[in-house]
>>> print(open('structure-v7.txt').read())   # compact mmCIF, N, CA and C atoms
# COMPACT_ATOMS: atom_id res chain seq x y z
N MET A 1214 0.85 -1.19 0.00
CA MET A 1214 0.00 0.00 0.00
C MET A 1214 0.89 1.23 0.00
N THR A 1215 0.60 2.15 -0.88
CA THR A 1215 1.38 3.38 -0.96
C THR A 1215 0.61 4.50 -0.27
N VAL A 1216 1.30 5.19 0.61
CA VAL A 1216 0.72 6.31 1.33
C VAL A 1216 1.62 7.52 1.08
N PRO A 1217 1.05 8.70 0.77
CA PRO A 1217 1.90 9.86 0.55
C PRO A 1217 2.82 10.11 1.74
N GLY A 1218 4.11 10.23 1.45
CA GLY A 1218 5.08 10.53 2.50
C GLY A 1218 5.79 9.32 3.06
N VAL A 1219 5.30 8.11 2.76
CA VAL A 1219 5.95 6.90 3.27
C VAL A 1219 6.07 5.91 2.12
N ALA A 1220 7.28 5.74 1.62
CA ALA A 1220 7.51 4.78 0.54
C ALA A 1220 7.62 3.37 1.11
N ASN A 1221 7.15 2.39 0.35
CA ASN A 1221 7.14 1.01 0.82
C ASN A 1221 8.54 0.47 1.11
N GLU A 1222 9.48 0.68 0.20
CA GLU A 1222 10.81 0.07 0.36
C GLU A 1222 11.57 0.58 1.59
N PRO A 1223 11.63 1.89 1.83
CA PRO A 1223 12.31 2.34 3.05
C PRO A 1223 11.63 1.84 4.33
N LEU A 1224 10.29 1.78 4.32
CA LEU A 1224 9.57 1.26 5.48
C LEU A 1224 9.90 -0.22 5.69
N LYS A 1225 9.89 -0.98 4.61
CA LYS A 1225 10.22 -2.40 4.69
C LYS A 1225 11.64 -2.59 5.20
N ALA A 1226 12.58 -1.81 4.67
CA ALA A 1226 13.98 -1.91 5.10
C ALA A 1226 14.13 -1.55 6.58
N ALA A 1227 13.44 -0.51 7.03
CA ALA A 1227 13.52 -0.10 8.43
C ALA A 1227 12.94 -1.19 9.34
N LEU A 1228 11.82 -1.76 8.93
CA LEU A 1228 11.19 -2.82 9.73
C LEU A 1228 12.08 -4.06 9.77
N GLU A 1229 12.63 -4.46 8.63
CA GLU A 1229 13.50 -5.64 8.59
C GLU A 1229 14.77 -5.44 9.42
N SER A 1230 15.39 -4.28 9.31
CA SER A 1230 16.62 -4.07 10.07
C SER A 1230 16.35 -4.02 11.56
N THR A 1231 15.22 -3.46 11.96
CA THR A 1231 14.85 -3.41 13.37
C THR A 1231 14.56 -4.81 13.90
N LEU A 1232 13.83 -5.61 13.12
CA LEU A 1232 13.54 -6.98 13.53
C LEU A 1232 14.82 -7.79 13.63
N ALA A 1233 15.72 -7.62 12.68
CA ALA A 1233 17.00 -8.35 12.71
C ALA A 1233 17.83 -7.94 13.92
N ALA A 1234 17.89 -6.65 14.20
CA ALA A 1234 18.68 -6.16 15.32
C ALA A 1234 18.16 -6.66 16.67
N ASN A 1235 16.87 -7.01 16.71
CA ASN A 1235 16.27 -7.49 17.95
C ASN A 1235 16.08 -9.00 17.98
N GLY A 1236 16.65 -9.70 16.99
CA GLY A 1236 16.62 -11.15 16.97
C GLY A 1236 15.31 -11.77 16.52
N TYR A 1237 14.47 -11.01 15.81
CA TYR A 1237 13.18 -11.52 15.37
C TYR A 1237 13.15 -11.94 13.90
N LEU A 1238 14.23 -11.74 13.16
CA LEU A 1238 14.23 -12.04 11.74
C LEU A 1238 14.97 -13.34 11.47
N ALA A 1239 14.33 -14.26 10.73
CA ALA A 1239 14.96 -15.53 10.39
C ALA A 1239 16.13 -15.28 9.45
N ARG A 1240 17.26 -15.86 9.75
CA ARG A 1240 18.45 -15.68 8.91
C ARG A 1240 18.55 -16.76 7.84
N SER A 1241 18.01 -17.95 8.11
CA SER A 1241 18.05 -19.03 7.13
C SER A 1241 16.92 -20.01 7.42
N GLY A 1242 16.64 -20.86 6.44
CA GLY A 1242 15.60 -21.86 6.61
C GLY A 1242 14.21 -21.26 6.49
N THR A 1243 13.23 -22.05 6.82
CA THR A 1243 11.85 -21.62 6.74
C THR A 1243 11.46 -20.88 8.02
N PRO A 1244 10.93 -19.68 7.89
CA PRO A 1244 10.54 -18.94 9.09
C PRO A 1244 9.34 -19.59 9.78
N LYS A 1245 9.26 -19.43 11.08
CA LYS A 1245 8.14 -19.96 11.86
C LYS A 1245 6.91 -19.07 11.75
N PHE A 1246 7.14 -17.78 11.56
CA PHE A 1246 6.05 -16.81 11.51
C PHE A 1246 6.26 -15.85 10.34
N TYR A 1247 5.17 -15.26 9.91
CA TYR A 1247 5.20 -14.27 8.83
C TYR A 1247 4.59 -12.97 9.35
N LEU A 1248 5.15 -11.86 8.89
CA LEU A 1248 4.70 -10.55 9.33
C LEU A 1248 4.21 -9.75 8.13
N ASP A 1249 3.06 -9.14 8.28
CA ASP A 1249 2.52 -8.23 7.28
C ASP A 1249 2.24 -6.92 7.99
N ALA A 1250 2.74 -5.83 7.46
CA ALA A 1250 2.49 -4.50 8.03
C ALA A 1250 1.71 -3.69 7.01
N GLU A 1251 0.59 -3.13 7.45
CA GLU A 1251 -0.25 -2.34 6.56
C GLU A 1251 -0.53 -0.98 7.19
N ILE A 1252 -0.18 0.06 6.46
CA ILE A 1252 -0.47 1.41 6.92
C ILE A 1252 -1.95 1.67 6.70
N GLN A 1253 -2.68 1.83 7.80
CA GLN A 1253 -4.11 2.08 7.72
C GLN A 1253 -4.40 3.54 7.40
N ASN A 1254 -3.61 4.42 8.03
CA ASN A 1254 -3.83 5.85 7.84
C ASN A 1254 -2.55 6.60 8.23
N LEU A 1255 -2.28 7.66 7.54
CA LEU A 1255 -1.20 8.57 7.88
C LEU A 1255 -1.81 9.96 7.89
N ASP A 1256 -2.13 10.44 9.08
CA ASP A 1256 -2.81 11.72 9.23
C ASP A 1256 -1.76 12.83 9.24
N GLN A 1257 -1.74 13.62 8.16
CA GLN A 1257 -0.74 14.67 7.99
C GLN A 1257 -1.43 16.03 7.93
N PRO A 1258 -0.89 17.03 8.63
CA PRO A 1258 -1.48 18.37 8.57
C PRO A 1258 -1.21 19.02 7.22
N LEU A 1259 -2.06 19.95 6.85
CA LEU A 1259 -1.87 20.66 5.59
C LEU A 1259 -0.82 21.76 5.71
N ILE A 1260 -0.85 22.47 6.83
CA ILE A 1260 0.11 23.56 7.04
C ILE A 1260 0.42 23.67 8.54
N GLY A 1261 1.46 24.42 8.85
CA GLY A 1261 1.78 24.69 10.24
C GLY A 1261 3.27 24.82 10.46
N LEU A 1262 3.62 25.46 11.56
CA LEU A 1262 5.03 25.55 11.93
C LEU A 1262 5.48 24.27 12.61
N ASP A 1263 4.63 23.75 13.50
CA ASP A 1263 4.87 22.46 14.13
C ASP A 1263 3.95 21.46 13.46
N LEU A 1264 4.52 20.40 12.91
CA LEU A 1264 3.73 19.41 12.18
C LEU A 1264 3.67 18.12 12.98
N ASP A 1265 2.44 17.67 13.27
CA ASP A 1265 2.22 16.40 13.96
C ASP A 1265 1.63 15.41 12.96
N VAL A 1266 2.29 14.29 12.79
CA VAL A 1266 1.80 13.23 11.90
C VAL A 1266 1.41 12.04 12.77
N ILE A 1267 0.24 11.49 12.52
CA ILE A 1267 -0.24 10.31 13.23
C ILE A 1267 -0.16 9.13 12.28
N ALA A 1268 0.59 8.10 12.66
CA ALA A 1268 0.74 6.88 11.86
C ALA A 1268 -0.07 5.77 12.51
N ASP A 1269 -0.97 5.20 11.74
CA ASP A 1269 -1.83 4.10 12.19
C ASP A 1269 -1.48 2.88 11.35
N VAL A 1270 -0.78 1.91 11.95
CA VAL A 1270 -0.30 0.73 11.23
C VAL A 1270 -0.81 -0.52 11.93
N THR A 1271 -1.24 -1.49 11.13
CA THR A 1271 -1.66 -2.78 11.67
C THR A 1271 -0.63 -3.82 11.27
N TYR A 1272 -0.08 -4.49 12.26
CA TYR A 1272 0.89 -5.56 12.05
C TYR A 1272 0.15 -6.88 12.27
N LYS A 1273 0.33 -7.82 11.33
CA LYS A 1273 -0.31 -9.13 11.44
C LYS A 1273 0.77 -10.20 11.40
N ILE A 1274 0.78 -11.03 12.43
CA ILE A 1274 1.73 -12.14 12.51
C ILE A 1274 0.93 -13.43 12.35
N SER A 1275 1.41 -14.31 11.47
CA SER A 1275 0.72 -15.58 11.25
C SER A 1275 1.74 -16.69 11.06
N GLY A 1276 1.25 -17.92 11.20
CA GLY A 1276 2.10 -19.08 10.97
C GLY A 1276 1.94 -20.10 12.08
N ALA A 1277 2.13 -21.36 11.72
CA ALA A 1277 2.10 -22.49 12.67
C ALA A 1277 0.85 -22.47 13.55
N GLY A 1278 -0.29 -22.13 12.94
CA GLY A 1278 -1.55 -22.15 13.69
C GLY A 1278 -1.79 -20.93 14.56
N ALA A 1279 -0.79 -20.10 14.73
CA ALA A 1279 -0.93 -18.91 15.58
C ALA A 1279 -1.14 -17.68 14.69
N ALA A 1280 -1.94 -16.77 15.19
CA ALA A 1280 -2.13 -15.50 14.48
C ALA A 1280 -2.38 -14.40 15.50
N ALA A 1281 -1.83 -13.25 15.25
CA ALA A 1281 -2.02 -12.11 16.15
C ALA A 1281 -2.03 -10.83 15.32
N THR A 1282 -2.81 -9.87 15.78
CA THR A 1282 -2.89 -8.58 15.13
C THR A 1282 -2.52 -7.51 16.15
N TYR A 1283 -1.68 -6.58 15.72
CA TYR A 1283 -1.22 -5.50 16.58
C TYR A 1283 -1.51 -4.16 15.90
N PRO A 1284 -2.62 -3.51 16.24
CA PRO A 1284 -2.86 -2.16 15.70
C PRO A 1284 -2.09 -1.14 16.55
N ILE A 1285 -1.23 -0.39 15.91
CA ILE A 1285 -0.38 0.58 16.62
C ILE A 1285 -0.60 1.96 16.01
N LYS A 1286 -0.86 2.95 16.87
CA LYS A 1286 -1.04 4.33 16.43
C LYS A 1286 -0.05 5.20 17.19
N THR A 1287 0.77 5.96 16.44
CA THR A 1287 1.79 6.79 17.07
C THR A 1287 1.84 8.18 16.42
N LYS A 1288 2.51 9.10 17.11
CA LYS A 1288 2.64 10.46 16.62
C LYS A 1288 4.11 10.83 16.46
N GLY A 1289 4.40 11.55 15.41
CA GLY A 1289 5.73 12.12 15.19
C GLY A 1289 5.59 13.60 14.96
N THR A 1290 6.46 14.37 15.56
CA THR A 1290 6.39 15.83 15.47
C THR A 1290 7.68 16.39 14.90
N ALA A 1291 7.55 17.40 14.06
CA ALA A 1291 8.69 18.16 13.58
C ALA A 1291 8.35 19.63 13.74
N THR A 1292 9.29 20.39 14.25
CA THR A 1292 9.07 21.82 14.50
C THR A 1292 9.88 22.67 13.53
N PHE A 1293 9.60 23.94 13.56
CA PHE A 1293 10.32 24.88 12.70
C PHE A 1293 11.82 24.82 12.97
N SER A 1294 12.20 24.50 14.22
CA SER A 1294 13.63 24.40 14.53
C SER A 1294 14.28 23.16 13.89
N ASP A 1295 13.46 22.16 13.53
CA ASP A 1295 14.00 21.00 12.80
C ASP A 1295 14.36 21.39 11.37
N SER A 1296 13.52 22.23 10.77
CA SER A 1296 13.77 22.73 9.41
C SER A 1296 12.80 23.87 9.11
N PRO A 1297 13.29 24.93 8.50
CA PRO A 1297 12.39 26.00 8.11
C PRO A 1297 11.58 25.66 6.86
N ILE A 1298 11.94 24.59 6.18
CA ILE A 1298 11.26 24.17 4.95
C ILE A 1298 10.15 23.18 5.30
N ALA A 1299 8.92 23.53 4.93
CA ALA A 1299 7.75 22.73 5.31
C ALA A 1299 7.84 21.28 4.81
N ALA A 1300 8.31 21.07 3.60
CA ALA A 1300 8.41 19.71 3.06
C ALA A 1300 9.38 18.87 3.88
N ASP A 1301 10.47 19.47 4.33
CA ASP A 1301 11.43 18.75 5.18
C ASP A 1301 10.82 18.42 6.54
N ARG A 1302 10.07 19.39 7.11
CA ARG A 1302 9.41 19.13 8.39
C ARG A 1302 8.42 17.98 8.27
N MET A 1303 7.69 17.91 7.15
CA MET A 1303 6.73 16.83 6.94
C MET A 1303 7.46 15.49 6.86
N ARG A 1304 8.56 15.44 6.13
CA ARG A 1304 9.34 14.21 6.01
C ARG A 1304 9.85 13.77 7.38
N ILE A 1305 10.37 14.71 8.15
CA ILE A 1305 10.89 14.41 9.49
C ILE A 1305 9.77 13.90 10.39
N ALA A 1306 8.61 14.55 10.35
CA ALA A 1306 7.47 14.11 11.17
C ALA A 1306 7.01 12.72 10.75
N ASN A 1307 6.97 12.45 9.44
CA ASN A 1307 6.61 11.11 8.95
C ASN A 1307 7.58 10.07 9.48
N GLU A 1308 8.87 10.35 9.35
CA GLU A 1308 9.90 9.40 9.79
C GLU A 1308 9.80 9.14 11.29
N ARG A 1309 9.59 10.19 12.06
CA ARG A 1309 9.48 10.03 13.51
C ARG A 1309 8.24 9.22 13.90
N ALA A 1310 7.13 9.46 13.22
CA ALA A 1310 5.91 8.71 13.51
C ALA A 1310 6.10 7.23 13.19
N MET A 1311 6.72 6.93 12.06
CA MET A 1311 6.92 5.53 11.67
C MET A 1311 7.98 4.86 12.56
N HIS A 1312 9.02 5.58 12.92
CA HIS A 1312 10.04 5.04 13.82
C HIS A 1312 9.41 4.66 15.16
N GLN A 1313 8.60 5.55 15.70
CA GLN A 1313 7.93 5.30 16.97
C GLN A 1313 6.95 4.14 16.84
N ASN A 1314 6.31 4.02 15.68
CA ASN A 1314 5.36 2.95 15.45
C ASN A 1314 6.06 1.59 15.48
N ILE A 1315 7.18 1.48 14.81
CA ILE A 1315 7.95 0.22 14.81
C ILE A 1315 8.43 -0.08 16.22
N LYS A 1316 8.89 0.93 16.93
CA LYS A 1316 9.37 0.76 18.30
C LYS A 1316 8.26 0.21 19.20
N GLU A 1317 7.06 0.78 19.09
CA GLU A 1317 5.95 0.31 19.92
C GLU A 1317 5.50 -1.09 19.51
N PHE A 1318 5.62 -1.43 18.22
CA PHE A 1318 5.30 -2.79 17.79
C PHE A 1318 6.25 -3.79 18.46
N LEU A 1319 7.52 -3.47 18.48
CA LEU A 1319 8.50 -4.36 19.14
C LEU A 1319 8.19 -4.51 20.63
N GLN A 1320 7.80 -3.42 21.27
CA GLN A 1320 7.43 -3.50 22.68
C GLN A 1320 6.21 -4.39 22.87
N ALA A 1321 5.27 -4.34 21.95
CA ALA A 1321 4.08 -5.19 22.04
C ALA A 1321 4.42 -6.66 21.86
N LEU A 1322 5.47 -6.96 21.10
CA LEU A 1322 5.88 -8.35 20.90
C LEU A 1322 6.48 -8.96 22.17
N ARG A 1323 7.07 -8.15 23.00
CA ARG A 1323 7.76 -8.66 24.19
C ARG A 1323 6.82 -9.04 25.27
>>> encode(input="structure-v7.txt", output="structure tokens")
Amino acid sequence: MTVPGVANEPLKAALESTLAANGYLARSGTPKFYLDAEIQNLDQPLIGLDLDVIADVTYKISGAGAAATYPIKTKGTATFSDSPIAADRMRIANERAMHQNIKEFLQALR
């Protein structure tokens, strides 16, 4: 699913590297579980000096008869001090919202 401001490949790479760093990614053989992450909504402001982006992502884990769904909603903020350019602030807010979302997903797994 493509959402303005969040490209699939960088999100996938960030999720995979985070899972690998925390010991959740299979390195070889057949994985025991499969993960699907779907961005449900990315609430972005139209204008502002401080931009708050809300990322709503649903993570679904399946395999070996087990299945679990983790709906995670997080906020990322970028201020004028982060960048005077609105497009850069939006990118920073998007990245922070998605970073926090992945972080909270990992906490939910524990």
>>> closest_residue(input="structure-v7.txt", among="A:Pro1244, A:Leu1264, A:Gln1253, A:Thr1287", to="Ile1305 (chain A)", atoms="all atoms listed in the file")
A:Leu1264
>>> residues_around(input="structure-v7.txt", residues="Met1311 (chain A)", least_positions_apart="6", cutoff="8 Å", atoms="all atoms listed in the file", output="list in words")
Leu1224, Val1266, Ile1267, Ala1268, Asp1269, Thr1287, Lys1288, Gly1289, Ile1305 and Glu1317 of chain A
>>> atom_distance(input="structure-v7.txt", atom1="atom N of Ile1298 (chain A)", atom2="CA of Ala1310 (chain A)")
18.5 Å
>>> residues_around(input="structure-v7.txt", residues="Ser1275 (chain A)", least_positions_apart="6", cutoff="12 Å", atoms="only C-alpha atoms", output="PyMOL selection string")
chain A and resi 1244-1250+1281-1283
>>> residues_around(input="structure-v7.txt", residues="Leu1322 (chain A)", least_positions_apart="4", cutoff="12 Å", atoms="only C-alpha atoms", output="ChimeraX atom specification")
/A:1232,1235-1237,1248,1272-1274,1281-1285,1315-1318
>>> atom_distance(input="structure-v7.txt", atom1="CA of Ala1233 (chain A)", atom2="CA of Asp1295 (chain A)")
29.5 Å
>>> atom_distance(input="structure-v7.txt", atom1="CA of Asp1256 (chain A)", atom2="atom N of Arg1323 (chain A)")
26.1 Å
>>> residues_around(input="structure-v7.txt", residues="Leu1262 (chain A)", least_positions_apart="5", cutoff="8 Å", atoms="only N, CA and C atoms", output="VMD selection string")
chain A and resid 1291 to 1294 1299 1302
>>> closest_residue(input="structure-v7.txt", among="A:Val1270, A:Leu1255, A:Asp1263, A:Gly1276", to="Asn1307 (chain A)", atoms="only C-alpha atoms")
A:Leu1255
>>> axis_aligned_box(input="structure-v7.txt", around="region 1271-1276 of chain A", padding_each_side="8 Å", output="JSON")
{"center_x": 0.2, "center_y": -10.8, "center_z": 11.7, "size_x": 19.8, "size_y": 34.6, "size_z": 17.5}
>>> closest_residue(input="structure-v7.txt", among="A:Thr1243, A:Ala1321, A:His1312, A:Ala1279", to="Ala1227 (chain A)", atoms="only C-alpha atoms")
A:His1312
>>> closest_residue(input="structure-v7.txt", among="A:Ala1277, A:Thr1271, A:Asn1314, A:Gly1261", to="Pro1297 (chain A)", atoms="only C-alpha atoms")
A:Gly1261
>>> select_by_dssp(input="structure-v7.txt", residues="chain A", states="helix (DSSP H, G or I)", output="PyMOL selection string")
chain A and resi 1221-1234+1299-1322
>>> closest_residue(input="structure-v7.txt", among="A:Met1303, A:Ala1234, A:Glu1222, A:Glu1308", to="Pro1258 (chain A)", atoms="all atoms listed in the file")
A:Met1303
>>> build_atoms(input="structure-v7.txt", residues="region 1232-1243 of chain A", atoms="all heavy atoms", output="short mmCIF file (atom, residue, chain, number, x, y, z; two decimals), keeping the file's coordinate frame")
data_model
loop_
_atom_site.label_atom_id
_atom_site.label_comp_id
_atom_site.auth_asym_id
_atom_site.auth_seq_id
_atom_site.Cartn_x
_atom_site.Cartn_y
_atom_site.Cartn_z
N LEU A 1232 13.83 -5.61 13.12
CA LEU A 1232 13.54 -6.98 13.53
C LEU A 1232 14.82 -7.79 13.63
O LEU A 1232 15.00 -8.57 14.57
CB LEU A 1232 12.56 -7.64 12.55
CG LEU A 1232 11.13 -7.10 12.56
CD1 LEU A 1232 10.33 -7.69 11.41
CD2 LEU A 1232 10.45 -7.40 13.89
N ALA A 1233 15.72 -7.62 12.68
CA ALA A 1233 17.00 -8.35 12.71
C ALA A 1233 17.83 -7.94 13.92
O ALA A 1233 18.41 -8.79 14.60
CB ALA A 1233 17.77 -8.09 11.42
N ALA A 1234 17.89 -6.65 14.20
CA ALA A 1234 18.68 -6.16 15.32
C ALA A 1234 18.16 -6.66 16.67
O ALA A 1234 18.92 -6.77 17.63
CB ALA A 1234 18.71 -4.63 15.32
N ASN A 1235 16.87 -7.01 16.71
CA ASN A 1235 16.27 -7.49 17.95
C ASN A 1235 16.08 -9.00 17.98
O ASN A 1235 15.39 -9.52 18.86
CB ASN A 1235 14.94 -6.78 18.18
CG ASN A 1235 15.14 -5.35 18.61
OD1 ASN A 1235 15.34 -5.07 19.79
ND2 ASN A 1235 15.13 -4.42 17.66
N GLY A 1236 16.65 -9.70 16.99
CA GLY A 1236 16.62 -11.15 16.97
C GLY A 1236 15.31 -11.77 16.52
O GLY A 1236 15.04 -12.94 16.78
N TYR A 1237 14.47 -11.01 15.81
CA TYR A 1237 13.18 -11.52 15.37
C TYR A 1237 13.15 -11.94 13.90
O TYR A 1237 12.14 -12.44 13.44
CB TYR A 1237 12.09 -10.46 15.57
CG TYR A 1237 11.71 -10.23 17.01
CD1 TYR A 1237 12.02 -9.04 17.64
CD2 TYR A 1237 11.05 -11.21 17.73
CE1 TYR A 1237 11.67 -8.82 18.97
CE2 TYR A 1237 10.71 -11.01 19.05
CZ TYR A 1237 11.00 -9.81 19.66
OH TYR A 1237 10.66 -9.60 20.98
N LEU A 1238 14.23 -11.74 13.16
CA LEU A 1238 14.23 -12.04 11.74
C LEU A 1238 14.97 -13.34 11.47
O LEU A 1238 16.09 -13.53 11.94
CB LEU A 1238 14.89 -10.89 10.97
CG LEU A 1238 14.70 -10.88 9.47
CD1 LEU A 1238 13.22 -10.70 9.11
CD2 LEU A 1238 15.50 -9.75 8.85
N ALA A 1239 14.33 -14.26 10.73
CA ALA A 1239 14.96 -15.53 10.39
C ALA A 1239 16.13 -15.28 9.45
O ALA A 1239 16.00 -14.56 8.47
CB ALA A 1239 13.95 -16.47 9.74
N ARG A 1240 17.26 -15.86 9.75
CA ARG A 1240 18.45 -15.68 8.91
C ARG A 1240 18.55 -16.76 7.84
O ARG A 1240 19.13 -16.54 6.80
CB ARG A 1240 19.69 -15.69 9.78
CG ARG A 1240 19.67 -14.58 10.82
CD ARG A 1240 21.01 -13.91 10.92
NE ARG A 1240 21.00 -12.90 11.94
CZ ARG A 1240 20.90 -11.61 11.68
NH1 ARG A 1240 20.81 -11.21 10.46
NH2 ARG A 1240 20.91 -10.73 12.66
N SER A 1241 18.01 -17.95 8.11
CA SER A 1241 18.05 -19.03 7.13
C SER A 1241 16.92 -20.01 7.42
O SER A 1241 16.32 -19.99 8.49
CB SER A 1241 19.40 -19.75 7.18
OG SER A 1241 19.58 -20.35 8.45
N GLY A 1242 16.64 -20.86 6.44
CA GLY A 1242 15.60 -21.86 6.61
C GLY A 1242 14.21 -21.26 6.49
O GLY A 1242 14.03 -20.10 6.12
N THR A 1243 13.23 -22.05 6.82
CA THR A 1243 11.85 -21.62 6.74
C THR A 1243 11.46 -20.88 8.02
O THR A 1243 11.66 -21.40 9.11
CB THR A 1243 10.92 -22.84 6.57
OG1 THR A 1243 11.33 -23.57 5.41
CG2 THR A 1243 9.48 -22.41 6.41
#
